[in-house]
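Chemist: The structure that follows is given in the form of structure tokens.
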Amino acid sequence: WRTKKVDPTKGRRVRHRTRLIVLGLTAIGLMLVFLAAVFRFYWQTPMVVLGVADYAHPCIPPNSFVAEDAGRIDSRNMDERRYPSSLVTKEILLDFLAEQLQGPQSWSRRKVLLIYLSAHGAVREDGMPCLLLSKANPLDSSSWLPVPTLLEVLAQKQGIQKVLILDSGKLDSHWSSGILYNGFADRLAEHVKPDTGVHVLLACGSGQRAWCAPE
């Protein structure tokens, strides 16, 4: 019989090799977590959020559930820039959008910018689709914001596709404001030009109304 010699260093080598494997797997796992976090941030779609809730003129009905809708957008964890007040005038809206279109440097890597805007829409006497902002007078269309003016501001930003999400279909008719039939959706389609890099999603189509739902 021969007695097999036991290598006293074998156990140490096995333990050392095991520690190296564990450290390697841990490093790979941490690297994957880091890359997932980086790519998740990189692919977040930037979004600008504005909502008109307060109207100075008593004839204009309130724009319901603006704050709730903005809160739901917050829960989506997007790279969001929201105007901090529900008082939105023509000057404030255009200046804020022009500023946000410059965006932080991280936005320059993105290909799409979302703009969510909630405000009542109406059609001017000459057929121009307009937005009713906080200080709009329903009996004075010069106080309204023509949608083409807004689209021109968005078109100034080159190299990125802008998607304007308009929640502007809650008024299908409102006699106190002089609106017998609101053809906002019909007229809006005439002014959207995708070749400028601006695309528009409206909350309702022709002959429809965007109903409010608290849930």
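Identifiers for the structure tokens are assigned positionally: chains receive A, B, ... in sequence, residues are indexed from 1 per chain, and ligands are indexed from 1 in the order shown.
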Would you pick out the contacts of Ile165 in chain A at 8 Å or less, using only C-alpha atoms, so that residues sharing its chain but fewer than 6 positions from it are not included, and give the list as a list in words?
Modeler: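 Final neighbour list, sorted by chain and number: Leu114, Ile115, Tyr116, Leu117, Val200, Leu201, Leu202 and Ala203 of chain A.
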Chemist: For range 121-138 of chain A, list every protein, DNA or RNA residue within 7 Å, evaluated using only C-alpha atoms, and leave out those in the same chain fewer than 3 positions away; present the list as a PyMOL selection string.
Modeler: chain A and resi 52+54-57+87-90+141+143-147+168-169+177+182-184+187-188
Chemist: Let's have the selection written as a PDB file, in the first residue's frame, with N, CA, C and O atoms.
Modeler:
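Result file is again29.pdb:
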ATOM      1  N   VAL A  52     -52.827  75.259 -17.579  1.00  0.00           N
ATOM      2  CA  VAL A  52     -53.554  76.469 -17.209  1.00  0.00           C
ATOM      3  C   VAL A  52     -54.763  76.042 -16.387  1.00  0.00           C
ATOM      4  O   VAL A  52     -55.704  75.442 -16.912  1.00  0.00           O
ATOM      5  N   ASP A  54     -56.054  78.367 -13.727  1.00  0.00           N
ATOM      6  CA  ASP A  54     -56.735  79.574 -13.258  1.00  0.00           C
ATOM      7  C   ASP A  54     -57.042  80.505 -14.429  1.00  0.00           C
ATOM      8  O   ASP A  54     -56.142  80.888 -15.182  1.00  0.00           O
ATOM      9  N   TYR A  55     -58.305  80.857 -14.575  1.00  0.00           N
ATOM     10  CA  TYR A  55     -58.737  81.814 -15.585  1.00  0.00           C
ATOM     11  C   TYR A  55     -59.302  83.047 -14.889  1.00  0.00           C
ATOM     12  O   TYR A  55     -60.155  82.937 -13.996  1.00  0.00           O
ATOM     13  N   ALA A  56     -58.806  84.208 -15.330  1.00  0.00           N
ATOM     14  CA  ALA A  56     -59.243  85.456 -14.701  1.00  0.00           C
ATOM     15  C   ALA A  56     -60.671  85.815 -15.087  1.00  0.00           C
ATOM     16  O   ALA A  56     -61.402  86.401 -14.293  1.00  0.00           O
ATOM     17  N   HIS A  57     -61.079  85.482 -16.300  1.00  0.00           N
ATOM     18  CA  HIS A  57     -62.414  85.861 -16.766  1.00  0.00           C
ATOM     19  C   HIS A  57     -63.457  84.872 -16.242  1.00  0.00           C
ATOM     20  O   HIS A  57     -63.304  83.656 -16.391  1.00  0.00           O
ATOM     21  N   LEU A  87     -50.809  80.012 -13.239  1.00  0.00           N
ATOM     22  CA  LEU A  87     -51.077  81.264 -13.948  1.00  0.00           C
ATOM     23  C   LEU A  87     -50.135  81.346 -15.143  1.00  0.00           C
ATOM     24  O   LEU A  87     -48.938  81.560 -14.994  1.00  0.00           O
ATOM     25  N   VAL A  88     -50.678  81.162 -16.334  1.00  0.00           N
ATOM     26  CA  VAL A  88     -49.865  81.106 -17.545  1.00  0.00           C
ATOM     27  C   VAL A  88     -50.428  82.108 -18.552  1.00  0.00           C
ATOM     28  O   VAL A  88     -51.557  81.956 -19.027  1.00  0.00           O
ATOM     29  N   THR A  89     -49.638  83.116 -18.884  1.00  0.00           N
ATOM     30  CA  THR A  89     -50.026  84.091 -19.900  1.00  0.00           C
ATOM     31  C   THR A  89     -49.298  83.788 -21.209  1.00  0.00           C
ATOM     32  O   THR A  89     -48.425  82.914 -21.265  1.00  0.00           O
ATOM     33  N   LYS A  90     -49.648  84.533 -22.261  1.00  0.00           N
ATOM     34  CA  LYS A  90     -48.989  84.318 -23.552  1.00  0.00           C
ATOM     35  C   LYS A  90     -47.495  84.545 -23.435  1.00  0.00           C
ATOM     36  O   LYS A  90     -46.690  83.747 -23.932  1.00  0.00           O
ATOM     37  N   SER A 141     -60.642  88.185 -29.013  1.00  0.00           N
ATOM     38  CA  SER A 141     -59.740  87.144 -29.531  1.00  0.00           C
ATOM     39  C   SER A 141     -58.292  87.602 -29.633  1.00  0.00           C
ATOM     40  O   SER A 141     -57.394  86.768 -29.808  1.00  0.00           O
ATOM     41  N   SER A 143     -56.632  88.546 -27.246  1.00  0.00           N
ATOM     42  CA  SER A 143     -55.994  88.076 -26.012  1.00  0.00           C
ATOM     43  C   SER A 143     -55.704  86.582 -26.057  1.00  0.00           C
ATOM     44  O   SER A 143     -55.155  86.035 -25.094  1.00  0.00           O
ATOM     45  N   TRP A 144     -56.082  85.915 -27.149  1.00  0.00           N
ATOM     46  CA  TRP A 144     -55.831  84.487 -27.282  1.00  0.00           C
ATOM     47  C   TRP A 144     -54.458  84.252 -27.910  1.00  0.00           C
ATOM     48  O   TRP A 144     -53.901  85.125 -28.563  1.00  0.00           O
ATOM     49  N   LEU A 145     -53.935  83.047 -27.719  1.00  0.00           N
ATOM     50  CA  LEU A 145     -52.645  82.681 -28.316  1.00  0.00           C
ATOM     51  C   LEU A 145     -52.878  81.814 -29.543  1.00  0.00           C
ATOM     52  O   LEU A 145     -53.344  80.676 -29.424  1.00  0.00           O
ATOM     53  N   PRO A 146     -52.565  82.316 -30.738  1.00  0.00           N
ATOM     54  CA  PRO A 146     -52.698  81.470 -31.942  1.00  0.00           C
ATOM     55  C   PRO A 146     -51.751  80.270 -31.872  1.00  0.00           C
ATOM     56  O   PRO A 146     -50.573  80.414 -31.547  1.00  0.00           O
ATOM     57  N   VAL A 147     -52.260  79.107 -32.169  1.00  0.00           N
ATOM     58  CA  VAL A 147     -51.445  77.900 -32.117  1.00  0.00           C
ATOM     59  C   VAL A 147     -50.256  77.964 -33.079  1.00  0.00           C
ATOM     60  O   VAL A 147     -49.156  77.523 -32.732  1.00  0.00           O
ATOM     61  N   SER A 168     -56.611  70.024 -25.012  1.00  0.00           N
ATOM     62  CA  SER A 168     -57.363  71.250 -25.299  1.00  0.00           C
ATOM     63  C   SER A 168     -58.730  70.964 -25.901  1.00  0.00           C
ATOM     64  O   SER A 168     -59.236  71.750 -26.694  1.00  0.00           O
ATOM     65  N   GLY A 169     -59.327  69.851 -25.536  1.00  0.00           N
ATOM     66  CA  GLY A 169     -60.605  69.491 -26.139  1.00  0.00           C
ATOM     67  C   GLY A 169     -61.754  69.382 -25.164  1.00  0.00           C
ATOM     68  O   GLY A 169     -62.706  68.631 -25.406  1.00  0.00           O
ATOM     69  N   SER A 177     -69.192  81.832 -23.533  1.00  0.00           N
ATOM     70  CA  SER A 177     -67.959  82.312 -24.163  1.00  0.00           C
ATOM     71  C   SER A 177     -68.152  82.568 -25.652  1.00  0.00           C
ATOM     72  O   SER A 177     -67.178  82.839 -26.363  1.00  0.00           O
ATOM     73  N   ASN A 182     -67.221  74.084 -31.174  1.00  0.00           N
ATOM     74  CA  ASN A 182     -65.777  74.304 -31.130  1.00  0.00           C
ATOM     75  C   ASN A 182     -65.094  73.458 -32.205  1.00  0.00           C
ATOM     76  O   ASN A 182     -64.947  72.243 -32.066  1.00  0.00           O
ATOM     77  N   GLY A 183     -64.676  74.106 -33.276  1.00  0.00           N
ATOM     78  CA  GLY A 183     -63.984  73.394 -34.351  1.00  0.00           C
ATOM     79  C   GLY A 183     -62.477  73.423 -34.208  1.00  0.00           C
ATOM     80  O   GLY A 183     -61.759  73.399 -35.227  1.00  0.00           O
ATOM     81  N   PHE A 184     -61.988  73.469 -32.962  1.00  0.00           N
ATOM     82  CA  PHE A 184     -60.546  73.574 -32.707  1.00  0.00           C
ATOM     83  C   PHE A 184     -59.772  72.434 -33.361  1.00  0.00           C
ATOM     84  O   PHE A 184     -58.737  72.644 -34.012  1.00  0.00           O
ATOM     85  N   ARG A 187     -59.548  72.816 -37.250  1.00  0.00           N
ATOM     86  CA  ARG A 187     -58.665  73.886 -37.714  1.00  0.00           C
ATOM     87  C   ARG A 187     -57.203  73.623 -37.381  1.00  0.00           C
ATOM     88  O   ARG A 187     -56.296  74.045 -38.112  1.00  0.00           O
ATOM     89  N   LEU A 188     -56.971  72.929 -36.280  1.00  0.00           N
ATOM     90  CA  LEU A 188     -55.584  72.673 -35.871  1.00  0.00           C
ATOM     91  C   LEU A 188     -54.840  71.852 -36.908  1.00  0.00           C
ATOM     92  O   LEU A 188     -53.662  72.108 -37.194  1.00  0.00           O
TER      93      LEU A 188
END
Chemist: Which residue gives the smallest distance to Ala67 in chain A among A:Tyr181, A:Phe96, A:Lys157, A:Ser118, with only C-alpha atoms counted?
Modeler: A:Ser118
Chemist: Residues of range 110-202 of chain A within 8 Å of range 61-66 of chain A: nearest atom pair and distance (Å, one decimal) for each, counting only C-alpha atoms, sorted by chain and number, as a Markdown table?
Modeler:
| residue | atom | partner | partner_atom | distance |
| --- | --- | --- | --- | --- |
| A:Ser118 | CA | A:Val66 | CA | 6.9 |
| A:Ala119 | CA | A:Asn63 | CA | 6.7 |
| A:His120 | CA | A:Asn63 | CA | 7.0 |
| A:Lys170 | CA | A:Asn63 | CA | 7.9 |
Chemist: Take the selection from the previous step and output its residues with N, CA, C and O atoms, as a PDB file, in the first residue's frame.
Modeler:
ATOM      1  N   SER A 118     -51.848  71.850 -21.173  1.00  0.00           N
ATOM      2  CA  SER A 118     -53.280  71.721 -20.912  1.00  0.00           C
ATOM      3  C   SER A 118     -53.892  73.111 -20.832  1.00  0.00           C
ATOM      4  O   SER A 118     -53.552  73.902 -19.938  1.00  0.00           O
ATOM      5  N   ALA A 119     -54.775  73.423 -21.768  1.00  0.00           N
ATOM      6  CA  ALA A 119     -55.469  74.713 -21.795  1.00  0.00           C
ATOM      7  C   ALA A 119     -56.667  74.581 -22.734  1.00  0.00           C
ATOM      8  O   ALA A 119     -56.676  73.732 -23.632  1.00  0.00           O
ATOM      9  N   HIS A 120     -57.664  75.412 -22.511  1.00  0.00           N
ATOM     10  CA  HIS A 120     -58.821  75.380 -23.400  1.00  0.00           C
ATOM     11  C   HIS A 120     -58.424  75.866 -24.793  1.00  0.00           C
ATOM     12  O   HIS A 120     -57.602  76.782 -24.943  1.00  0.00           O
ATOM     13  N   LYS A 170     -61.690  70.101 -24.056  1.00  0.00           N
ATOM     14  CA  LYS A 170     -62.736  69.964 -23.037  1.00  0.00           C
ATOM     15  C   LYS A 170     -63.963  70.831 -23.309  1.00  0.00           C
ATOM     16  O   LYS A 170     -64.998  70.658 -22.670  1.00  0.00           O
TER      17      LYS A 170
END
Chemist: Under the rule that only C-alpha atoms are counted, which of A:Pro58, A:Pro194, A:Gly51, A:Pro148 is the nearest residue to Leu166 in chain A?
Modeler: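 Selected residue with least distance to Leu166 in chain A: A:Gly51.
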Chemist: Output as JSON lines one row per residue of range 124-159 of chain A within 10 Å of range 99-103 of chain A: the closest atom pair and its distance in Å to one decimal place, counting only C-alpha atoms, sorted by chain and residue number ascending.
Modeler:
{"residue": "A:Val153", "atom": "CA", "partner": "A:Leu101", "partner_atom": "CA", "distance": 9.0}
{"residue": "A:Leu154", "atom": "CA", "partner": "A:Leu101", "partner_atom": "CA", "distance": 7.5}
{"residue": "A:Ala155", "atom": "CA", "partner": "A:Leu101", "partner_atom": "CA", "distance": 9.8}
{"residue": "A:Gln156", "atom": "CA", "partner": "A:Leu101", "partner_atom": "CA", "distance": 8.6}
{"residue": "A:Lys157", "atom": "CA", "partner": "A:Leu101", "partner_atom": "CA", "distance": 6.4}
{"residue": "A:Gln158", "atom": "CA", "partner": "A:Leu101", "partner_atom": "CA", "distance": 9.6}
Chemist: Could the residues in this selection be saved with C-alpha atoms as a compact mmCIF listing (two decimals), in the first residue's frame?
Modeler:
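Final output, saved to selection_28.txt:
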# COMPACT_ATOMS: atom_id res chain seq x y z
CA VAL A 153 -41.41 78.75 -31.37
CA LEU A 154 -41.08 74.96 -31.15
CA ALA A 155 -39.80 74.71 -34.73
CA GLN A 156 -36.84 76.94 -33.88
CA LYS A 157 -35.18 74.06 -32.05
CA GLN A 158 -33.36 72.02 -34.69
